[in-house]
Each structure stands twice: as C-alpha cells, then as structure tokens.
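Down below is the structure, laid out as structure tokens.
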Amino acid sequence: MKKIIFICSIICLAGSWTGCDDLLNVTPETDLTDDDFWKTEVDLKGACNRLYQLYPTTGLHDSRADDWVRETGADNVSAGSRAIPAESSDWTAPYSRIFVANNIIEKGANAPVSENIRNRYVGEACFFRAWYFFELVSKYGDVPLVLKPFTSTSDPDLKMGRTPRETVIQQCYDDLEFAAEWLPTRANMQSVTDEFERRRVTRSAALALTVRIGLHEGTMLKFHDLGAETLWKAHLQKSIDAYNRLKAEGHQLYTTGGASVSYQASFLDENNNTNRETIFAKAFGPNGTFGGTSVLNQFSISCNDAVGVTRSMIDLYLYADGLPREKSSLVVNPETSFNNVFGYDTDGVTPLAGGMGARDPRLPMSFWRINDPQDTPTAQVAGIIIGWSSAQPVPYETFQPLRSYGYHLKKSVAGSLFLPGDRDYIDRFGIRWSEMLISYAEAFYEINGSITDALLDETVNALRGRVGFNAKLTNAFVSANGLDMREEIHRERTVEMMCEDRRYADIIRWKIAERVLPKAMLGAKFTAHEATNGLVLAADPTFTSWLTDADGKLDGVQEYDYPEADVRVIEKSNTRRFNPARDYFYPIPTFEIAQSEGNIKQNPGWE
C-alpha cells in the first residue's frame with residue numbers, strides 16, 4: 001500500500017484537479033498549490049469530478065462466478081486456479097480512490113463556502129469512500145481503515161494492520177449517513193439534462209448503497225457464522241431501514257412501452273425524469289459522438305463475442321407455470337432447436353405448441369435467439385437501435401468461430417452504437433430500484449425467517465408483473481409445489497439482475513460458491529442445422545467430444561444436471577475447484593504484507 005499511497009498523495013498535494021464542470025475534462029493543474037485550492041465551489045466540484053472519472057465501468061463481463069464464460073479461457077477466480085499475487089489492482093485501485101476521497105473530505109471540510117455547498121461535495125467523497133471500502137471488505141474481509149490523506153512516506157499509518165470488518169463497515173454506514181443528509185435528492189436532479197451532471201450521486205444513492213451493504217453483511221455473517229445473531233440481524237435491519245427511507249425518494253420501476261419492452265428499455269433510457277428506476281450510474285458520452293471528445297464504455301454487442309452466458313444461468317429462469325426446470329411440465333426435451341430453450345421454434349417468432357418451453361419473459365428479452373425479431377438494422381428500444389445485425393456484418397448465429405459458445409446477452413446492449421474500439425456511449429447502471437425491491441424481500445425473509453404475500457407482491461411480484469409474467473410467488477404456491485422460499489428469492493434476484501456483476505458477491509455471501517463453482521461451465525445447445533458451419537462441426541471429433549450425451553454426461557461424468565444431448569461443455573468439472581476453507585476471501589498481495597512489515601496478516605488458507 002505504501003507505494004500507491006505515496007503516488008496518490010503527490011497528486012492530491014499538487015492541488016488535485018481543476019474545477020471543470022464537466023467530467024470529460026478533468027486534468028491536473030500543475031500551477032496550483034494546495035494552499036491555492038479548496039476555496040470555491042468550483043474547486044470542490046472539480047476535485048470530486050476526479051472520483052467520477054476514477055469510478056470504473058460497471059458491466060464489463062465479471063467472469064468470476066458461474067454466469068459469464070470467456071472464449072479466451074477460464075477465469076482463475078471462477079475456476080479456483082489463482083495464486084497469491086505479488087501485487088494486485090484489486091487492492092491498490094480501491095485504496096488509490098479512497099485516498100482521493102480522503103483528501104477531499106479533509107481539505108474540503110474547511111473550504112470557505114456555505115455549509116450546504118461544502119457538505120454536498122464532502123458527501124460525494126464520503127459516498128465513494130464507502131463504496132470502495134465495501135468493495136475491499138467484500139473481497140478481503142478485514143482491511144486497513146485509512147481515513148486521512150498522507151503527506152509523508154514516514155507516516156506510521158502506512159504500516160497499519162487490518163481493521164476488523166465490522167469497524168470498516170460501520171465507517172461505511174457513517175459516511176453514507178452523512179452523504180444522505182447533504183446530497184441532493186432524486187427530485188432535485190430530475191430535471192438535470194447535462195449528460196454528466198445528471199449522474200452525480202444523490203441521497204438515493206447513499207441510501208441504496210446502505211441497503212446493499214446491510215444485506216451483504218447480514219447474510220455474509222449469518223451464512224458464514226462470522227458473528228452473533230444480534231450482529232447479523234442488526235445489519236439486515238440497517239438494510240431494511242434504509243430501504244424504507246429510500247421509498248420516500250420517489251423511485252419506481254420503469255414501465256414505459258409496456259410489458260413487452262420496458263425491462264429492456266430501462267437500461268437504455270438515460271433521462272432522469274422518465275427513468276426513475278435509475279439510482280446510481282456512470283455517465284458515458286456525449287451521446288452521438290466518438291473519438292477524442294467522448295468517454296465510451298466497452299459493453300457493445302461486438303464485445304459480447306468474447307464472452308457468453310452459461311446454460312446454468314438460462315436454466316434459472318422459471319417456466320410459464322412459475323416452476324423451475326426440475327419441476328415444470330413445460331420443459332422441452334429433447335430440444336431440437338437452439339430456440340427451444342426460449343420457448344420458440346426455429347423461426348424465432350412462433351411459440352412452441354401447447355405452451356411448451358414458455359418462460360419468464362425476461363429470458364427472451366435478455367438473450368439473442370436465432371431469427372430474433374429484434375435482430376434487424378432498424379429495430380429500436382427506447383429510441384436506440386439494438387439489433388445484433390446493426391453492429392455485426394450478419395444476423396445473430398450460434399457457434400461462430402472466435403465467439404464464446406455460450407448464450408449472448410441482449411439486455412442493456414445497444415447495436416447501432418458500434419464504434420471503433422468496440423465501444424458505445426450508453427450509461428452503465430450501478431444501482432437500480434429493482435435491486436432495492438429484491439434486496440428488501442431477501443433482508444426481510446432472512447431476519448424473520450418468513451415473508452408475507454403482501455411483501456412478495458411489493459417486491460418479487462412487482463418485478464414479474466413489470467414484464468407480464470403473471471406466475472406469482474406466494475407462500476401457498478411454494479408450499480403446494482415443494483419449493484424453498486429462500487431459493488426462490490435468490491432465483492428472482494439472479495434473474496432480475498442477470499449479468500449486472502452482482503452474481504459473484506451473491507454466491508460468496510450465500511455460501512453456495514462451494515457448490516456452484518466446481519461444476520462444469522456449460523455453453524449453448526448445439527444444433528447442427530442452425531449453427532454456423534454446423535455440419536462441419538458435427539463431423540469434427542475435436543468439437544463433438546465436448547458435447548453431452550442424451551443423459552447430460554460427457555466421458556461418463558454428469559456434466560449437465562439434466563438429460564439433454566449436445567450441450568457444449570466449455571470447462572469440464574475436473575478442471576474446476578473451490579476450497580471453502582480458503583476461497584471465500586481473496587489472498588492479500590505479498591507486497592502489501594511486506595510493506596506493512598508484517599502488520600497485515602494473510603487470509604486463512606493462503607499462508
């Protein structure tokens with residue numbers, strides 16, 4: 001930590017950053033000294049702009065869990081093959097951003113401006129500091145709680161040991177409470193149209209992050225037996241209380257366009273007034289531009305060539321009768337088309353006879369199918385052209401060379417915005433109202449051991465109703481069908497937030513990583529008459545040797561839990577592992593341990 005703190009401190013002491021109003025033009029002002037800075041609102045705002053610039057892009061295919069699978073090879077976290085690093089950005093990057101926030105919090109607190117202005121920007125820094133400390137705790141557990149900027153490399157706190165996670169999390173709560181008191185409300189920001197100003201953090205963001213942290217900590221402590229019942233319940237209550245305060249801010253599910261399109265459109269409509277589902281997002285743009293004047297994200301259709309979504313994630317979507325694959329009578333077996341898993345025939349538009357295969361509507365809204373009706377050069381959602389064929393030279397096809405053999409994401413991805421470098425300018429959403437609804441349901445269930453039908457209607461069934469999925473989750477339905485309420489709440493969270501980079505944190509806190517990560521990573525169903533060069537592949541033993549047999553086995557091993565032939569195995573189960581005594585926490589880089597002169601101790605199992 002010593003090296004990165006020193007570098008960051010020098011930057012901060014140089015006067016931080018200019019007071020530019022937009023987030024695209026945040027550059028060091030070398031002729032400013034620290035004494036000349038922190039005088040005006042422009043100074044405070046310019047310093048905070050650096051935090052928005054440093055905030056990393058969300059949605060860049062986090063392949064640490066069992067949802068994304070990469071074309072280029074196994075993720076070493078997901079596969080359990082990582083080693084202890086000498087250095088790691090997982091540690092240094094959050095700390096470098098925390099040090100920027102610390103500098104703003106300390107120096108900005110004395111700025112000769114009004115209390116409201118001063119505390120608004122200090123509140124922004126507090127929000128980001130809490131964000132990154134939570135990120136560190138989620139990975140490492142106990143971490144050094146550094147709350148000041150450094151002016152000297154001889155400061156003894158540079159060798160600080162690890163602070164108990166509970167202390168760090170309580171500091172996060174304190175920071176977020178301060179932020180919630182002084183940041184503007186959602187209503188204050190509703191009419192802001194500037195593409196970057198509208199993404200400044202709000203009271204809602206502070207409360208929503210409290211909801212997320214409280215749920216994570218409460219369930220992590222509960223399922224991993226890391227604290228007394230009174231402690232994990234206190235965190236869950238913190239989450240519930242923050243949700244109840246957040247409800248007053250006026251957020252709501254995005255329903256513009258109706259059930260058939262609103263779920264997709266919610267990720268593409270960037271307007272604060274029309275999309276009240278947005279709570280926190282990273283700005284990209286300006287829209288309609290590219291090149292040196294633009295900040296562009298890397299989540300385009302073309303980027304999705306390199307990754308795919310696993311069959312296990314597709315299988316989590318319920319059938320139209322509200323039942324999972326292992327219980328529903330609507331399961332298509334055997335599948336004769338790639339499209340059958342979505343409930344459609346080969347033509348991509350005709351539902352299968354008798355409602356066979358019909359699924360939660362979020363499934364076909366989230367993934368491309370062959371002959372998808374939205375796969376045209378002009379198909380639009382929320383005014384954005386989304387077709388695969390608008391960004392690729394041909395319509396969507398399966399098993400193309402150099403493409404992941406998984407399923408390919410349609411949700412939250414634009415097609416017409418294909419630009420040099422595989423980028424587009426759609427904002428990436430970090431926290432949505434949908435997450436708050438399902439988080440509230442989960443926290444309530446875990447703290448009480450039960451949940452009412454009325455609360456299910458407010459949360460789970462509201463999410464289903466938004467897309468026209470009328471199979472309600474009720475206590476009677478769970479009982480009558482031998483389901484488990486906790487598992488159904490977990491399923492709903494995973495489906496609603498599919499590929500939004502929360503899956504890894506969820507399987508860690510739920511303590512199910514030891515069950516799901518050692519399994520084979522499975523791709524799509526291969527049908528020779530539909531796949532690119534399918535007949536050639538079907539005759540190639542180097543390809544067919546990775547397909548399951550009719551029982552779901554490969555080389556005698558039950559790689560797929562269900563009896564379905566020709567599911568492409570991407571990573572065999574014998575190449576994957578998870579050590580529950582070690583892998584629920586990240587290994588601390590050896591450099592950080594050495595620089596602390598041994599005050600920082602390694603996580604168990606990584607010694």
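Going through the structure tokens in order, the chains are called A, B, and so on, while each chain numbers its residues from 1 and the ligands are numbered from 1 in the order shown.
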
Each residue of stretch 409-461 of chain A with at least one atom at most 12 Å from stretch 228-242 of chain A should appear once, together with its nearest atom pair and the corresponding distance in Å (one decimal); atoms considered: only C-alpha atoms; ordering: chain, then increasing residue number; output as CSV.
residue,atom,partner,partner_atom,distance
A:Met436,CA,A:Ser239,CA,9.5
A:Leu437,CA,A:Ile240,CA,10.4
A:Ile438,CA,A:Ile240,CA,11.3
A:Ser439,CA,A:Ser239,CA,8.2
A:Tyr440,CA,A:Ile240,CA,6.1
A:Ala441,CA,A:Ile240,CA,9.1
A:Glu442,CA,A:Leu236,CA,9.2
A:Ala443,CA,A:Leu236,CA,5.6
A:Phe444,CA,A:Ile240,CA,7.1
A:Tyr445,CA,A:Leu236,CA,9.8
A:Glu446,CA,A:Leu236,CA,7.8
A:Ile447,CA,A:Lys233,CA,5.9
A:Asn448,CA,A:Lys233,CA,9.3
A:Gly449,CA,A:Lys233,CA,11.4

File dump, residues just selected, N, CA and C atoms, as a PDB file, in the first residue's frame:
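Ended up saving to out-v5.pdb:
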ATOM      1  N   MET A 436     -33.230  -2.807  -5.242  1.00  0.00           N
ATOM      2  CA  MET A 436     -33.716  -2.454  -3.912  1.00  0.00           C
ATOM      3  C   MET A 436     -34.943  -3.286  -3.533  1.00  0.00           C
ATOM      4  N   LEU A 437     -35.821  -3.522  -4.489  1.00  0.00           N
ATOM      5  CA  LEU A 437     -37.016  -4.319  -4.209  1.00  0.00           C
ATOM      6  C   LEU A 437     -36.656  -5.739  -3.797  1.00  0.00           C
ATOM      7  N   ILE A 438     -35.815  -6.396  -4.582  1.00  0.00           N
ATOM      8  CA  ILE A 438     -35.480  -7.785  -4.267  1.00  0.00           C
ATOM      9  C   ILE A 438     -34.579  -7.864  -3.037  1.00  0.00           C
ATOM     10  N   SER A 439     -33.772  -6.834  -2.795  1.00  0.00           N
ATOM     11  CA  SER A 439     -32.941  -6.801  -1.586  1.00  0.00           C
ATOM     12  C   SER A 439     -33.810  -6.697  -0.341  1.00  0.00           C
ATOM     13  N   TYR A 440     -34.834  -5.886  -0.432  1.00  0.00           N
ATOM     14  CA  TYR A 440     -35.759  -5.749   0.704  1.00  0.00           C
ATOM     15  C   TYR A 440     -36.441  -7.079   1.005  1.00  0.00           C
ATOM     16  N   ALA A 441     -36.892  -7.769  -0.055  1.00  0.00           N
ATOM     17  CA  ALA A 441     -37.533  -9.067   0.155  1.00  0.00           C
ATOM     18  C   ALA A 441     -36.581 -10.045   0.830  1.00  0.00           C
ATOM     19  N   GLU A 442     -35.340 -10.072   0.380  1.00  0.00           N
ATOM     20  CA  GLU A 442     -34.372 -11.010   0.941  1.00  0.00           C
ATOM     21  C   GLU A 442     -34.040 -10.666   2.394  1.00  0.00           C
ATOM     22  N   ALA A 443     -33.790  -9.378   2.653  1.00  0.00           N
ATOM     23  CA  ALA A 443     -33.448  -8.974   4.018  1.00  0.00           C
ATOM     24  C   ALA A 443     -34.593  -9.272   4.973  1.00  0.00           C
ATOM     25  N   PHE A 444     -35.814  -8.994   4.542  1.00  0.00           N
ATOM     26  CA  PHE A 444     -36.979  -9.260   5.390  1.00  0.00           C
ATOM     27  C   PHE A 444     -37.097 -10.753   5.683  1.00  0.00           C
ATOM     28  N   TYR A 445     -36.920 -11.572   4.644  1.00  0.00           N
ATOM     29  CA  TYR A 445     -37.034 -13.010   4.859  1.00  0.00           C
ATOM     30  C   TYR A 445     -35.953 -13.511   5.814  1.00  0.00           C
ATOM     31  N   GLU A 446     -34.736 -13.059   5.640  1.00  0.00           N
ATOM     32  CA  GLU A 446     -33.638 -13.580   6.456  1.00  0.00           C
ATOM     33  C   GLU A 446     -33.740 -13.147   7.912  1.00  0.00           C
ATOM     34  N   ILE A 447     -34.244 -11.970   8.156  1.00  0.00           N
ATOM     35  CA  ILE A 447     -34.322 -11.511   9.542  1.00  0.00           C
ATOM     36  C   ILE A 447     -35.521 -12.117  10.270  1.00  0.00           C
ATOM     37  N   ASN A 448     -36.563 -12.493   9.505  1.00  0.00           N
ATOM     38  CA  ASN A 448     -37.793 -13.022  10.113  1.00  0.00           C
ATOM     39  C   ASN A 448     -37.988 -14.513   9.910  1.00  0.00           C
ATOM     40  N   GLY A 449     -37.309 -15.085   8.924  1.00  0.00           N
ATOM     41  CA  GLY A 449     -37.499 -16.491   8.620  1.00  0.00           C
ATOM     42  C   GLY A 449     -38.764 -16.763   7.835  1.00  0.00           C
TER      43      GLY A 449
END

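Distance check against A:Leu268 using only C-alpha atoms: of A:Val381, A:Ile98, A:Leu158, A:Ala179, the minimum falls on A:Val381.
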
Extract, using only C-alpha atoms, all DNA, RNA and protein residues at most 10 Å from stretch 51-56 of chain A, discarding same-chain residues fewer than 3 positions from it, and format them as number ranges by chain. A: 23-26, 46-48, 59-60, 93-94, 96-98, 100-101, 104, 124-125, 128-129, 131-132, 196, 199-201, 281-283, 295, 297

Between atom CA of A:Pro361 and atom CA of A:Thr256, what is the distance in Å, rounded to a tenth? 16.2 Å

Closest atom pairs, stretch 54-168 of chain A residues within 9 Å of stretch 301-315 of chain A, only C-alpha atoms, as JSON lines:
{"residue": "A:His61", "atom": "CA", "partner": "A:Val307", "partner_atom": "CA", "distance": 7.3}
{"residue": "A:Ser63", "atom": "CA", "partner": "A:Val307", "partner_atom": "CA", "distance": 8.6}
{"residue": "A:Asp66", "atom": "CA", "partner": "A:Thr310", "partner_atom": "CA", "distance": 7.1}
{"residue": "A:Asp67", "atom": "CA", "partner": "A:Val309", "partner_atom": "CA", "distance": 5.5}
{"residue": "A:Trp68", "atom": "CA", "partner": "A:Val309", "partner_atom": "CA", "distance": 4.7}
{"residue": "A:Val69", "atom": "CA", "partner": "A:Gly308", "partner_atom": "CA", "distance": 5.3}
{"residue": "A:Arg70", "atom": "CA", "partner": "A:Val307", "partner_atom": "CA", "distance": 4.4}
{"residue": "A:Glu71", "atom": "CA", "partner": "A:Ala306", "partner_atom": "CA", "distance": 5.2}
{"residue": "A:Thr72", "atom": "CA", "partner": "A:Ala306", "partner_atom": "CA", "distance": 7.1}

Give me a file of those residues, with all heavy atoms, as a PDB file, in the first residue's frame.
ATOM      1  N   HIS A  61     -18.393  -7.661 -17.945  1.00  0.00           N
ATOM      2  CA  HIS A  61     -18.285  -9.111 -18.018  1.00  0.00           C
ATOM      3  C   HIS A  61     -17.469  -9.697 -16.866  1.00  0.00           C
ATOM      4  O   HIS A  61     -16.417 -10.295 -17.065  1.00  0.00           O
ATOM      5  CB  HIS A  61     -17.670  -9.528 -19.349  1.00  0.00           C
ATOM      6  CG  HIS A  61     -18.325  -8.901 -20.542  1.00  0.00           C
ATOM      7  ND1 HIS A  61     -17.654  -8.072 -21.395  1.00  0.00           N
ATOM      8  CD2 HIS A  61     -19.589  -8.971 -21.006  1.00  0.00           C
ATOM      9  CE1 HIS A  61     -18.480  -7.670 -22.356  1.00  0.00           C
ATOM     10  NE2 HIS A  61     -19.654  -8.199 -22.145  1.00  0.00           N
ATOM     11  N   SER A  63     -16.371 -12.286 -14.862  1.00  0.00           N
ATOM     12  CA  SER A  63     -16.427 -13.735 -15.101  1.00  0.00           C
ATOM     13  C   SER A  63     -15.954 -14.547 -13.907  1.00  0.00           C
ATOM     14  O   SER A  63     -15.583 -15.709 -14.046  1.00  0.00           O
ATOM     15  CB  SER A  63     -15.599 -14.095 -16.339  1.00  0.00           C
ATOM     16  OG  SER A  63     -14.270 -13.641 -16.209  1.00  0.00           O
ATOM     17  N   ASP A  66     -20.410 -18.007 -11.969  1.00  0.00           N
ATOM     18  CA  ASP A  66     -20.843 -19.073 -12.867  1.00  0.00           C
ATOM     19  C   ASP A  66     -21.799 -18.565 -13.932  1.00  0.00           C
ATOM     20  O   ASP A  66     -22.508 -19.350 -14.559  1.00  0.00           O
ATOM     21  CB  ASP A  66     -21.514 -20.196 -12.065  1.00  0.00           C
ATOM     22  CG  ASP A  66     -22.708 -19.704 -11.246  1.00  0.00           C
ATOM     23  OD1 ASP A  66     -22.804 -18.483 -10.991  1.00  0.00           O
ATOM     24  OD2 ASP A  66     -23.544 -20.536 -10.851  1.00  0.00           O
ATOM     25  N   ASP A  67     -21.832 -17.246 -14.137  1.00  0.00           N
ATOM     26  CA  ASP A  67     -22.735 -16.688 -15.137  1.00  0.00           C
ATOM     27  C   ASP A  67     -22.039 -16.436 -16.472  1.00  0.00           C
ATOM     28  O   ASP A  67     -22.479 -16.903 -17.509  1.00  0.00           O
ATOM     29  CB  ASP A  67     -23.422 -15.422 -14.625  1.00  0.00           C
ATOM     30  CG  ASP A  67     -22.474 -14.420 -13.993  1.00  0.00           C
ATOM     31  OD1 ASP A  67     -21.265 -14.712 -13.835  1.00  0.00           O
ATOM     32  OD2 ASP A  67     -22.938 -13.305 -13.632  1.00  0.00           O
ATOM     33  N   TRP A  68     -20.929 -15.724 -16.461  1.00  0.00           N
ATOM     34  CA  TRP A  68     -20.187 -15.458 -17.688  1.00  0.00           C
ATOM     35  C   TRP A  68     -19.128 -16.535 -17.916  1.00  0.00           C
ATOM     36  O   TRP A  68     -18.476 -16.982 -16.975  1.00  0.00           O
ATOM     37  CB  TRP A  68     -19.458 -14.118 -17.609  1.00  0.00           C
ATOM     38  CG  TRP A  68     -20.297 -12.877 -17.689  1.00  0.00           C
ATOM     39  CD1 TRP A  68     -20.554 -12.002 -16.667  1.00  0.00           C
ATOM     40  CD2 TRP A  68     -20.967 -12.346 -18.838  1.00  0.00           C
ATOM     41  NE1 TRP A  68     -21.337 -10.971 -17.118  1.00  0.00           N
ATOM     42  CE2 TRP A  68     -21.600 -11.154 -18.443  1.00  0.00           C
ATOM     43  CE3 TRP A  68     -21.091 -12.770 -20.162  1.00  0.00           C
ATOM     44  CZ2 TRP A  68     -22.354 -10.366 -19.321  1.00  0.00           C
ATOM     45  CZ3 TRP A  68     -21.833 -11.980 -21.037  1.00  0.00           C
ATOM     46  CH2 TRP A  68     -22.451 -10.807 -20.620  1.00  0.00           C
ATOM     47  N   VAL A  69     -18.922 -16.893 -19.169  1.00  0.00           N
ATOM     48  CA  VAL A  69     -17.827 -17.787 -19.526  1.00  0.00           C
ATOM     49  C   VAL A  69     -17.086 -17.163 -20.703  1.00  0.00           C
ATOM     50  O   VAL A  69     -17.700 -16.634 -21.635  1.00  0.00           O
ATOM     51  CB  VAL A  69     -18.338 -19.211 -19.855  1.00  0.00           C
ATOM     52  CG1 VAL A  69     -19.283 -19.200 -21.053  1.00  0.00           C
ATOM     53  CG2 VAL A  69     -17.197 -20.171 -20.058  1.00  0.00           C
ATOM     54  N   ARG A  70     -15.780 -17.190 -20.661  1.00  0.00           N
ATOM     55  CA  ARG A  70     -14.970 -16.474 -21.639  1.00  0.00           C
ATOM     56  C   ARG A  70     -14.521 -17.384 -22.772  1.00  0.00           C
ATOM     57  O   ARG A  70     -14.194 -18.553 -22.559  1.00  0.00           O
ATOM     58  CB  ARG A  70     -13.746 -15.863 -20.963  1.00  0.00           C
ATOM     59  CG  ARG A  70     -14.098 -14.898 -19.847  1.00  0.00           C
ATOM     60  CD  ARG A  70     -12.920 -14.121 -19.325  1.00  0.00           C
ATOM     61  NE  ARG A  70     -11.821 -14.971 -18.893  1.00  0.00           N
ATOM     62  CZ  ARG A  70     -10.779 -14.540 -18.191  1.00  0.00           C
ATOM     63  NH1 ARG A  70     -10.715 -13.267 -17.847  1.00  0.00           N
ATOM     64  NH2 ARG A  70      -9.817 -15.343 -17.826  1.00  0.00           N
ATOM     65  N   GLU A  71     -14.451 -16.804 -23.959  1.00  0.00           N
ATOM     66  CA  GLU A  71     -13.961 -17.538 -25.126  1.00  0.00           C
ATOM     67  C   GLU A  71     -12.467 -17.794 -25.011  1.00  0.00           C
ATOM     68  O   GLU A  71     -11.951 -18.787 -25.529  1.00  0.00           O
ATOM     69  CB  GLU A  71     -14.291 -16.742 -26.400  1.00  0.00           C
ATOM     70  CG  GLU A  71     -13.832 -17.377 -27.695  1.00  0.00           C
ATOM     71  CD  GLU A  71     -12.447 -16.924 -28.109  1.00  0.00           C
ATOM     72  OE1 GLU A  71     -12.080 -15.781 -27.784  1.00  0.00           O
ATOM     73  OE2 GLU A  71     -11.728 -17.717 -28.737  1.00  0.00           O
ATOM     74  N   THR A  72     -11.748 -16.929 -24.315  1.00  0.00           N
ATOM     75  CA  THR A  72     -10.291 -17.000 -24.271  1.00  0.00           C
ATOM     76  C   THR A  72      -9.750 -17.949 -23.212  1.00  0.00           C
ATOM     77  O   THR A  72      -8.543 -18.168 -23.151  1.00  0.00           O
ATOM     78  CB  THR A  72      -9.707 -15.603 -24.016  1.00  0.00           C
ATOM     79  OG1 THR A  72     -10.312 -15.046 -22.830  1.00  0.00           O
ATOM     80  CG2 THR A  72      -9.990 -14.683 -25.190  1.00  0.00           C
TER      81      THR A  72
END

Option closest in space to A:Ala206, from A:Ile370, A:Val42, A:Cys172, A:Ala505 [counting only C-alpha atoms]: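 Using only C-alpha atoms, the shortest distance to A:Ala206 belongs to A:Cys172.
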
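The space between atom CA of A:Ser89 and atom CA of A:Arg509 spans 22.1 Å.
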
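Using only C-alpha atoms, the nearest neighbour of A:Leu522 within the list A:Ser154, A:Asn599, A:Ser329, A:Ser573 is A:Ser573.
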
Filtered DSSP result for stretch 259-507 of chain A, state helix (DSSP H, G or I), as a VMD selection string: chain A and resid 262 to 265 302 to 306 311 to 314 338 to 342 353 to 355 362 to 366 388 to 390 433 to 448 453 to 458 460 to 466 475 to 480 485 to 496 503 to 507

Fewer than 5 positions away in the same chain doesn't count, so skip those; otherwise give me all residues within 12 Å of A:Asp484, counting only C-alpha atoms, as a PyMOL selection string. chain A and resi 323-324+445+449-450+473-479+489-491

Quote the spacing between atom CA of A:Gly468 and atom CA of A:Ala259 in Å to one decimal place.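 Separating atom CA of A:Gly468 from atom CA of A:Ala259 is a distance of 5.3 Å.
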
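Proximity ranking of A:Pro401, A:Asn574, A:Lys519, A:Glu592 relative to A:Asp561 places A:Lys519 first, based on only C-alpha atoms.
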
Can you pull out the residues contacting stretch 190-192 of chain A? Cut-off 12 Å, using only C-alpha atoms, and skip same-chain residues under 6 positions away; I want them as a list in words.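 Contacts, with the query itself left out: Pro184, Arg198, Arg199, Arg200, Thr202, Glu249, Gly250, His251, Glu270, Asn271, Asn272, Asn273, Thr274, Asn275, Arg276, Glu277, Thr278 and Ile279 of chain A.
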
Please, could you write that set of residues out with N, CA, C and O atoms as a short mmCIF file (atom, residue, chain, number, x, y, z; two decimals), in the first residue's frame?
data_model
loop_
_atom_site.label_atom_id
_atom_site.label_comp_id
_atom_site.auth_asym_id
_atom_site.auth_seq_id
_atom_site.Cartn_x
_atom_site.Cartn_y
_atom_site.Cartn_z
N PRO A 184 -28.02 16.04 -2.88
CA PRO A 184 -29.32 16.40 -3.45
C PRO A 184 -30.21 15.17 -3.56
O PRO A 184 -29.73 14.04 -3.63
N ARG A 198 -26.10 14.88 -14.53
CA ARG A 198 -27.24 14.09 -14.06
C ARG A 198 -26.82 12.82 -13.35
O ARG A 198 -27.64 12.18 -12.70
N ARG A 199 -25.55 12.43 -13.48
CA ARG A 199 -25.08 11.21 -12.83
C ARG A 199 -24.35 11.48 -11.51
O ARG A 199 -23.76 10.57 -10.93
N ARG A 200 -24.38 12.70 -11.03
CA ARG A 200 -23.78 12.95 -9.72
C ARG A 200 -24.61 12.23 -8.65
O ARG A 200 -25.82 12.06 -8.78
N THR A 202 -26.64 11.07 -5.36
CA THR A 202 -27.76 11.68 -4.66
C THR A 202 -27.98 11.02 -3.30
O THR A 202 -27.33 10.03 -2.96
N GLU A 249 -38.19 8.58 -1.68
CA GLU A 249 -37.49 9.39 -2.69
C GLU A 249 -38.17 9.36 -4.05
O GLU A 249 -37.76 10.07 -4.97
N GLY A 250 -39.17 8.51 -4.23
CA GLY A 250 -39.95 8.55 -5.46
C GLY A 250 -39.43 7.71 -6.61
O GLY A 250 -39.79 7.95 -7.77
N HIS A 251 -38.62 6.72 -6.32
CA HIS A 251 -38.18 5.81 -7.38
C HIS A 251 -39.29 4.83 -7.72
O HIS A 251 -40.16 4.54 -6.90
N GLU A 270 -31.75 7.13 -20.53
CA GLU A 270 -30.85 7.80 -19.58
C GLU A 270 -31.47 9.02 -18.93
O GLU A 270 -30.82 9.70 -18.14
N ASN A 271 -32.70 9.32 -19.23
CA ASN A 271 -33.34 10.53 -18.75
C ASN A 271 -33.79 10.38 -17.30
O ASN A 271 -34.56 9.47 -16.97
N ASN A 272 -33.33 11.26 -16.43
CA ASN A 272 -33.68 11.17 -15.01
C ASN A 272 -35.18 11.32 -14.77
O ASN A 272 -35.71 10.80 -13.79
N ASN A 273 -35.84 12.09 -15.62
CA ASN A 273 -37.26 12.34 -15.43
C ASN A 273 -38.10 11.13 -15.81
O ASN A 273 -39.04 10.76 -15.10
N THR A 274 -37.76 10.48 -16.93
CA THR A 274 -38.58 9.36 -17.39
C THR A 274 -38.14 8.03 -16.81
O THR A 274 -38.93 7.10 -16.72
N ASN A 275 -36.88 7.92 -16.42
CA ASN A 275 -36.38 6.65 -15.89
C ASN A 275 -36.05 6.81 -14.41
O ASN A 275 -34.89 7.03 -14.04
N ARG A 276 -37.06 6.67 -13.58
CA ARG A 276 -36.86 6.82 -12.14
C ARG A 276 -36.37 5.54 -11.49
O ARG A 276 -36.22 5.48 -10.27
N GLU A 277 -36.13 4.53 -12.30
CA GLU A 277 -35.53 3.31 -11.76
C GLU A 277 -34.05 3.50 -11.48
O GLU A 277 -33.47 2.85 -10.62
N THR A 278 -33.43 4.43 -12.19
CA THR A 278 -32.01 4.69 -12.03
C THR A 278 -31.73 5.31 -10.67
O THR A 278 -32.35 6.30 -10.28
N ILE A 279 -30.78 4.75 -9.95
CA ILE A 279 -30.35 5.32 -8.67
C ILE A 279 -28.90 5.80 -8.75
O ILE A 279 -28.57 6.89 -8.30
#

Going by DSSP on the backbone, which residues of stretch 298-384 of chain A come out as strand (DSSP E or B)? List them as an MDAnalysis selection string. chainID A and resid 307:309 319 344 351 359 367 380:381 384

Leaving out A:Ser88 and any residue of its chain fewer than 3 positions from it, which residues lie within 12 Å of it when counting only C-alpha atoms, given as number ranges by chain? A: 1, 4, 83-85, 91-95, 586-592
